[in-house]
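Trainee: Following this line is upload_34.json, made up of JSON, C-alpha atoms:
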[["chain", "number", "residue", "atom", "x", "y", "z"],
["W", 1, "MET", "CA", 2.04, -61.39, 13.18],
["W", 2, "GLU", "CA", -0.95, -63.62, 12.31],
["W", 3, "PRO", "CA", -2.08, -65.81, 15.25],
["W", 4, "GLU", "CA", -1.36, -69.53, 15.07],
["W", 5, "VAL", "CA", -4.57, -71.53, 15.60],
["W", 6, "THR", "CA", -4.82, -75.28, 16.42],
["W", 7, "SER", "CA", -7.69, -77.48, 17.63],
["W", 8, "GLY", "CA", -7.56, -79.40, 20.90],
["W", 9, "ALA", "CA", -8.83, -82.92, 21.54],
["W", 10, "ASP", "CA", -11.92, -81.57, 23.32],
["W", 11, "GLN", "CA", -12.85, -79.37, 20.32],
["W", 12, "SER", "CA", -11.36, -76.35, 22.10],
["W", 13, "MET", "CA", -9.29, -73.85, 20.16],
["W", 14, "VAL", "CA", -5.68, -73.16, 21.00],
["W", 15, "ILE", "CA", -4.45, -69.73, 19.85],
["W", 16, "LYS", "CA", -0.82, -68.74, 19.92],
["W", 17, "LEU", "CA", -0.62, -64.95, 19.57],
["W", 18, "THR", "CA", 2.54, -62.87, 19.49],
["W", 19, "LEU", "CA", 2.10, -59.34, 20.91],
["W", 20, "ASP", "CA", 4.37, -56.39, 20.42],
["W", 21, "ALA", "CA", 6.17, -55.09, 23.51],
["W", 22, "PHE", "CA", 3.87, -52.07, 23.97],
["W", 23, "THR", "CA", 0.64, -54.14, 23.82],
["W", 24, "ALA", "CA", 2.11, -56.83, 26.05],
["W", 25, "GLU", "CA", 3.06, -54.24, 28.65],
["W", 26, "LYS", "CA", -0.47, -52.78, 28.65],
["W", 27, "LEU", "CA", -1.91, -56.27, 29.01],
["W", 28, "LEU", "CA", 0.27, -57.10, 32.01],
["W", 29, "LEU", "CA", -0.54, -53.79, 33.69],
["W", 30, "LYS", "CA", -4.29, -54.48, 33.51],
["W", 31, "LYS", "CA", -4.10, -58.20, 34.39],
["W", 32, "PRO", "CA", -5.06, -59.05, 37.98],
["W", 33, "ARG", "CA", -2.33, -60.87, 39.84],
["W", 34, "SER", "CA", -4.72, -63.68, 40.73],
["W", 35, "LEU", "CA", -5.29, -64.62, 37.07],
["W", 36, "ALA", "CA", -2.95, -66.43, 34.74],
["W", 37, "THR", "CA", -2.10, -64.56, 31.56],
["W", 38, "ALA", "CA", -3.85, -67.11, 29.35],
["W", 39, "THR", "CA", -7.01, -66.94, 31.46],
["W", 40, "PHE", "CA", -7.01, -63.14, 31.38],
["W", 41, "CYS", "CA", -6.59, -63.15, 27.57],
["W", 42, "ALA", "CA", -9.48, -65.57, 27.23],
["W", 43, "LEU", "CA", -11.72, -63.34, 29.35],
["W", 44, "ILE", "CA", -10.83, -60.30, 27.22],
["W", 45, "ILE", "CA", -11.67, -62.17, 24.01],
["W", 46, "GLU", "CA", -14.97, -63.40, 25.47],
["W", 47, "GLU", "CA", -15.90, -59.88, 26.62],
["W", 48, "ALA", "CA", -15.06, -58.45, 23.20],
["W", 49, "LEU", "CA", -17.23, -61.03, 21.46],
["W", 50, "ASP", "CA", -20.21, -60.13, 23.68],
["W", 51, "MET", "CA", -20.00, -56.44, 22.74],
["W", 52, "PRO", "CA", -22.67, -55.06, 20.33],
["W", 53, "ALA", "CA", -19.99, -53.65, 18.05],
["W", 54, "THR", "CA", -17.55, -56.07, 16.55],
["W", 55, "LEU", "CA", -13.84, -55.39, 16.47],
["W", 56, "ALA", "CA", -14.08, -54.86, 12.72],
["W", 57, "GLU", "CA", -16.75, -52.19, 13.23],
["W", 58, "ARG", "CA", -14.67, -50.53, 15.96],
["W", 59, "ALA", "CA", -11.65, -50.51, 13.68],
["W", 60, "ALA", "CA", -13.72, -48.94, 10.89],
["W", 61, "ALA", "CA", -15.01, -46.29, 13.32],
["W", 62, "SER", "CA", -11.46, -45.54, 14.39],
["W", 63, "VAL", "CA", -10.40, -45.05, 10.78],
["W", 64, "ALA", "CA", -13.41, -42.79, 10.15],
["W", 65, "SER", "CA", -12.59, -40.76, 13.26],
["W", 66, "THR", "CA", -8.97, -40.37, 12.16],
["W", 67, "SER", "CA", -10.12, -39.31, 8.69],
["W", 68, "SER", "CA", -12.53, -36.75, 10.19],
["W", 69, "SER", "CA", -9.79, -35.35, 12.41],
["W", 70, "SER", "CA", -7.51, -35.02, 9.40],
["W", 71, "LEU", "CA", -10.19, -33.10, 7.49],
["W", 72, "ILE", "CA", -10.74, -30.76, 10.46],
["W", 73, "ASN", "CA", -6.99, -30.14, 10.77],
["W", 74, "GLU", "CA", -6.72, -29.42, 7.05],
["W", 75, "SER", "CA", -9.63, -26.99, 7.31],
["W", 76, "LEU", "CA", -8.02, -25.19, 10.26],
["W", 77, "ILE", "CA", -4.68, -24.97, 8.45],
["W", 78, "LYS", "CA", -6.37, -23.50, 5.36],
["W", 79, "GLU", "CA", -8.29, -21.00, 7.52],
["W", 80, "ASN", "CA", -5.13, -19.88, 9.34],
["W", 81, "THR", "CA", -3.26, -19.58, 6.04],
["W", 82, "SER", "CA", -6.10, -17.48, 4.60],
["W", 83, "LYS", "CA", -6.05, -15.16, 7.65],
["W", 84, "LYS", "CA", -2.28, -14.70, 7.41],
["W", 85, "GLN", "CA", -2.57, -13.86, 3.72],
["W", 86, "SER", "CA", -5.33, -11.32, 4.46],
["W", 87, "ILE", "CA", -3.20, -9.66, 7.15],
["W", 88, "LYS", "CA", -0.24, -9.47, 4.77],
["W", 89, "ALA", "CA", -2.45, -7.96, 2.08],
["W", 90, "VAL", "CA", -3.78, -5.30, 4.49],
["W", 91, "ASN", "CA", -0.26, -4.44, 5.71],
["W", 92, "SER", "CA", 0.99, -4.23, 2.14],
["W", 93, "GLN", "CA", -1.91, -1.94, 1.18],
["W", 94, "GLN", "CA", -1.24, 0.29, 4.17],
["W", 95, "LYS", "CA", 2.41, 0.61, 3.20],
["W", 96, "ARG", "CA", 1.44, 1.56, -0.35],
["W", 97, "SER", "CA", -1.14, 4.11, 0.86],
["W", 98, "ARG", "CA", 1.22, 6.18, 3.03],
["W", 99, "PRO", "CA", 0.36, 9.88, 2.72],
["W", 100, "THR", "CA", 2.57, 12.29, 0.83],
["W", 101, "TYR", "CA", 3.69, 14.97, 3.28],
["W", 102, "ASP", "CA", 3.89, 18.51, 1.94],
["W", 103, "GLU", "CA", 7.00, 20.62, 2.40],
["W", 104, "ALA", "CA", 5.43, 22.85, 5.07],
["W", 105, "PHE", "CA", 4.51, 19.93, 7.30],
["W", 106, "THR", "CA", 7.88, 18.27, 6.75],
["W", 107, "ALA", "CA", 9.66, 21.44, 7.90],
["W", 108, "PHE", "CA", 7.45, 21.59, 11.00],
["W", 109, "TRP", "CA", 7.93, 17.90, 11.75],
["W", 110, "ASN", "CA", 11.71, 18.03, 11.42],
["W", 111, "GLU", "CA", 11.86, 21.07, 13.68],
["W", 112, "TYR", "CA", 9.65, 19.45, 16.31],
["W", 113, "GLN", "CA", 11.73, 16.29, 16.31],
["W", 114, "ARG", "CA", 14.86, 18.31, 17.21],
["W", 115, "ALA", "CA", 13.57, 18.62, 20.78],
["W", 116, "PRO", "CA", 15.94, 16.62, 23.01],
["W", 117, "ILE", "CA", 13.18, 15.81, 25.48],
["W", 118, "LYS", "CA", 9.92, 14.60, 23.97],
["W", 119, "ALA", "CA", 7.49, 11.69, 24.07],
["W", 120, "ASN", "CA", 8.90, 8.52, 22.60],
["W", 121, "ALA", "CA", 5.77, 7.70, 20.63],
["W", 122, "GLN", "CA", 5.66, 10.16, 17.74],
["W", 123, "SER", "CA", 3.00, 9.34, 15.13],
["W", 124, "LYS", "CA", 3.81, 11.18, 11.92],
["W", 125, "ASN", "CA", 0.66, 10.09, 10.09],
["W", 126, "LYS", "CA", -1.65, 11.22, 12.90],
["W", 127, "ALA", "CA", 0.27, 14.48, 13.23],
["W", 128, "PHE", "CA", -0.14, 15.13, 9.50],
["W", 129, "GLU", "CA", -3.90, 14.53, 9.67],
["W", 130, "GLN", "CA", -4.16, 16.96, 12.59],
["W", 131, "TRP", "CA", -1.90, 19.42, 10.76],
["W", 132, "LYS", "CA", -4.39, 19.56, 7.88],
["W", 133, "GLN", "CA", -7.19, 20.33, 10.34],
["W", 134, "VAL", "CA", -5.18, 23.13, 12.00],
["W", 135, "MET", "CA", -4.39, 24.61, 8.57],
["W", 136, "LYS", "CA", -8.04, 25.63, 8.33],
["W", 137, "HIS", "CA", -7.43, 28.44, 10.83],
["W", 138, "GLU", "CA", -3.63, 28.73, 11.12],
["W", 139, "THR", "CA", -0.64, 29.30, 8.84],
["W", 140, "PRO", "CA", 2.42, 27.07, 8.37],
["W", 141, "GLU", "CA", 4.72, 30.00, 9.29],
["W", 142, "ARG", "CA", 3.12, 30.42, 12.72],
["W", 143, "LEU", "CA", 3.21, 26.72, 13.51],
["W", 144, "LEU", "CA", 6.84, 26.45, 12.43],
["W", 145, "GLU", "CA", 7.71, 29.42, 14.64],
["W", 146, "ALA", "CA", 5.83, 27.87, 17.57],
["W", 147, "ALA", "CA", 7.71, 24.60, 17.07],
["W", 148, "ARG", "CA", 11.03, 26.49, 17.07],
["W", 149, "ARG", "CA", 10.13, 28.22, 20.32],
["W", 150, "ALA", "CA", 9.01, 25.00, 21.96],
["W", 151, "VAL", "CA", 12.26, 23.25, 21.02],
["W", 152, "THR", "CA", 14.33, 26.24, 22.18],
["W", 153, "GLU", "CA", 12.61, 26.25, 25.59],
["W", 154, "VAL", "CA", 13.37, 22.55, 26.07],
["W", 155, "LYS", "CA", 17.00, 23.00, 25.05],
["W", 156, "LYS", "CA", 17.48, 25.97, 27.44],
["W", 157, "ALA", "CA", 16.01, 24.02, 30.35],
["W", 158, "GLU", "CA", 18.22, 21.04, 29.57],
["W", 159, "ALA", "CA", 21.34, 23.22, 29.36],
["W", 160, "ALA", "CA", 20.52, 24.82, 32.72],
["W", 161, "GLU", "CA", 19.86, 21.37, 34.18],
["W", 162, "GLU", "CA", 16.34, 22.43, 35.05],
["W", 163, "TRP", "CA", 13.31, 20.18, 35.01],
["W", 164, "CYS", "CA", 11.31, 20.42, 31.81],
["W", 165, "ALA", "CA", 8.17, 18.55, 30.78],
["W", 166, "PRO", "CA", 8.77, 16.49, 27.63],
["W", 167, "LEU", "CA", 7.06, 17.72, 24.49],
["W", 168, "PRO", "CA", 4.05, 15.48, 23.79],
["W", 169, "ASP", "CA", 3.38, 13.62, 20.58],
["W", 170, "ALA", "CA", 3.20, 16.20, 17.76],
["W", 171, "PHE", "CA", -0.35, 15.07, 17.07],
["W", 172, "ARG", "CA", -1.44, 15.98, 20.62],
["W", 173, "TRP", "CA", 0.57, 19.21, 20.53],
["W", 174, "LEU", "CA", -1.42, 20.30, 17.47],
["W", 175, "ARG", "CA", -4.74, 18.91, 18.65],
["W", 176, "ASP", "CA", -4.54, 20.65, 22.04],
["W", 177, "GLU", "CA", -3.36, 23.90, 20.41],
["W", 178, "ARG", "CA", -0.21, 24.08, 22.55],
["W", 179, "TYR", "CA", 1.22, 26.43, 19.94],
["W", 180, "THR", "CA", -1.15, 29.29, 20.81],
["W", 181, "VAL", "CA", 0.65, 30.14, 24.09],
["W", 182, "LEU", "CA", 3.98, 30.23, 22.30],
["W", 183, "LEU", "CA", 2.64, 32.68, 19.72],
["W", 184, "GLU", "CA", 0.89, 35.17, 22.01],
["W", 185, "ASP", "CA", 3.72, 37.69, 21.83],
["W", 186, "HIS", "CA", 4.92, 36.74, 18.36],
["W", 187, "VAL", "CA", 5.44, 39.80, 16.17],
["W", 188, "ALA", "CA", 6.89, 39.49, 12.71],
["W", 189, "ASP", "CA", 10.33, 41.03, 12.27],
["W", 190, "HIS", "CA", 9.80, 43.40, 9.35],
["W", 191, "GLY", "CA", 13.52, 44.10, 9.14],
["W", 192, "LYS", "CA", 14.11, 40.64, 7.67],
["W", 193, "PRO", "CA", 12.53, 38.90, 4.70],
["W", 194, "GLN", "CA", 9.54, 36.89, 5.86],
["W", 195, "ARG", "CA", 9.04, 33.32, 4.69],
["W", 196, "ARG", "CA", 5.52, 32.13, 4.08],
["W", 197, "TRP", "CA", 3.96, 29.02, 2.64],
["W", 198, "ASP", "CA", 2.54, 29.50, -0.86],
["W", 199, "GLU", "CA", -0.35, 27.05, -0.99],
["W", 200, "ARG", "CA", -0.93, 27.64, -4.67],
["W", 201, "ASN", "CA", 2.63, 26.77, -5.72],
["W", 202, "ARG", "CA", 3.18, 24.40, -2.78],
["W", 203, "CYS", "CA", 6.47, 25.95, -1.65],
["W", 204, "TRP", "CA", 8.04, 28.50, 0.74],
["W", 205, "VAL", "CA", 8.49, 32.04, -0.58],
["W", 206, "GLU", "CA", 10.05, 35.17, 0.90],
["W", 207, "ASP", "CA", 8.23, 38.51, 0.92]]
Translate the structure of the given file into structure tokens.

Mentor:
Amino acid sequence: MEPEVTSGADQSMVIKLTLDAFTAEKLLLKKPRSLATATFCALIIEEALDMPATLAERAAASVASTSSSSLINESLIKENTSKKQSIKAVNSQQKRSRPTYDEAFTAFWNEYQRAPIKANAQSKNKAFEQWKQVMKHETPERLLEAARRAVTEVKKAEAAEEWCAPLPDAFRWLRDERYTVLLEDHVADHGKPQRRWDERNRCWVED
């Protein structure tokens, strides 16, 4: 509400000002008990007039500060939105770039996962990358046989209620060459057709 201004007989100015409840409460909280409300208001006005910056300038500075804060907030929002979009794009690209597992590795992986006691964290992608490294000096048939033996050992121990160490992540099993111990006494059974991985035709064949 606009203040009501009248002039007194002694050329003084009488101002009738209506304050909202919040401002009035703040005023009363800061007013010393020894001063009348009118006297305290007069002192505040006098102090404000003696300040280097006028109320109009302070109001303009407040508006500028609010505007600056709004610009900063908008900038932060845009930056966060951009980061989220980048993360989504990376995740989407990773999903699209999943490797294509060959049949030999898939057979090995499925066999290894049949173990009833194994590490919970099983990284198929990492296992496949390690599989390709092992293929430089091993054959799919031997690794599949080693996986079968490892799973069989775990199942026998479980059935006999004996303690058995869980099979590690397939990636670690391949990296640490755990399969070599399982294949030390492995001799091919020549009485049965032998399956082998045909790298040229990318499939299993029987000899």

Trainee: Fewer than 2 positions away in the same chain doesn't count, so skip those; otherwise give me all residues within 7 Å of W:Ala104, counting all atoms listed in the file, as a count of residues only.

Mentor: 6

Trainee: Using only C-alpha atoms, which residue out of W:Asp169, W:Glu145, W:Glu161, W:Glu103 lies closest to W:Gln130?

Mentor: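 Nearest candidate to W:Gln130 out of W:Asp169, W:Glu145, W:Glu161, W:Glu103: W:Asp169.
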
Trainee: Give me, please, the distance in Å between atom CA of W:Leu143 and atom CA of W:Glu162, quoted to one decimal.

Mentor: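 We find that atom CA of W:Leu143 and atom CA of W:Glu162 lie 25.6 Å from each other.
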
Trainee: Name the residues in contact with W:Leu182 at a cut-off of 10 Å, using all atoms listed in the file, excluding same-chain residues fewer than 3 positions from it; report them as a PyMOL selection string.

Mentor: chain W and resi 142-143+145-150+177-179+185-186

Trainee: Quick one: distance from atom CA of W:Leu17 to atom CA of W:Cys41 in Å, one decimal?

Mentor: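 Separation between atom CA of W:Leu17 and atom CA of W:Cys41: 10.1 Å.
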
Trainee: Assuming 4 Å of padding per side, give the centre and edge lengths of the axis-aligned box around every listed atom of stretch 132-142 of chain W, in Å to one decimal and as lines of an AutoDock Vina configuration file.

Mentor:
center_x = -1.7
center_y = 25.0
center_z = 10.3
size_x = 20.8
size_y = 18.9
size_z = 12.8

Trainee: Separation of atom CA of W:Glu153 and atom CA of W:Tyr101, in Å?

Mentor: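 Pair atom CA of W:Glu153 / atom CA of W:Tyr101 returns 26.5 Å.
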
Trainee: Name the residues in contact with W:Leu27 at a cut-off of 9 Å, using all atoms listed in the file, excluding same-chain residues fewer than 4 positions from it; report them as number ranges by chain.

Mentor: W: 22-23, 31, 37, 40-41

Trainee: Those same residues, written as a PDB file, in the coordinates of the input with C-alpha atoms?

Mentor:
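Output file again_22.pdb follows:
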ATOM      1  CA  PHE W  22       3.870 -52.070  23.970  1.00  0.00           C
ATOM      2  CA  THR W  23       0.640 -54.140  23.820  1.00  0.00           C
ATOM      3  CA  LYS W  31      -4.100 -58.200  34.390  1.00  0.00           C
ATOM      4  CA  THR W  37      -2.100 -64.560  31.560  1.00  0.00           C
ATOM      5  CA  PHE W  40      -7.010 -63.140  31.380  1.00  0.00           C
ATOM      6  CA  CYS W  41      -6.590 -63.150  27.570  1.00  0.00           C
TER       7      CYS W  41
END

Trainee: Using only C-alpha atoms, find the one residue out of W:Arg98, W:Lys88, W:Arg172, W:Arg33 that sits nearest to W:Gln122.

Mentor: W:Arg172
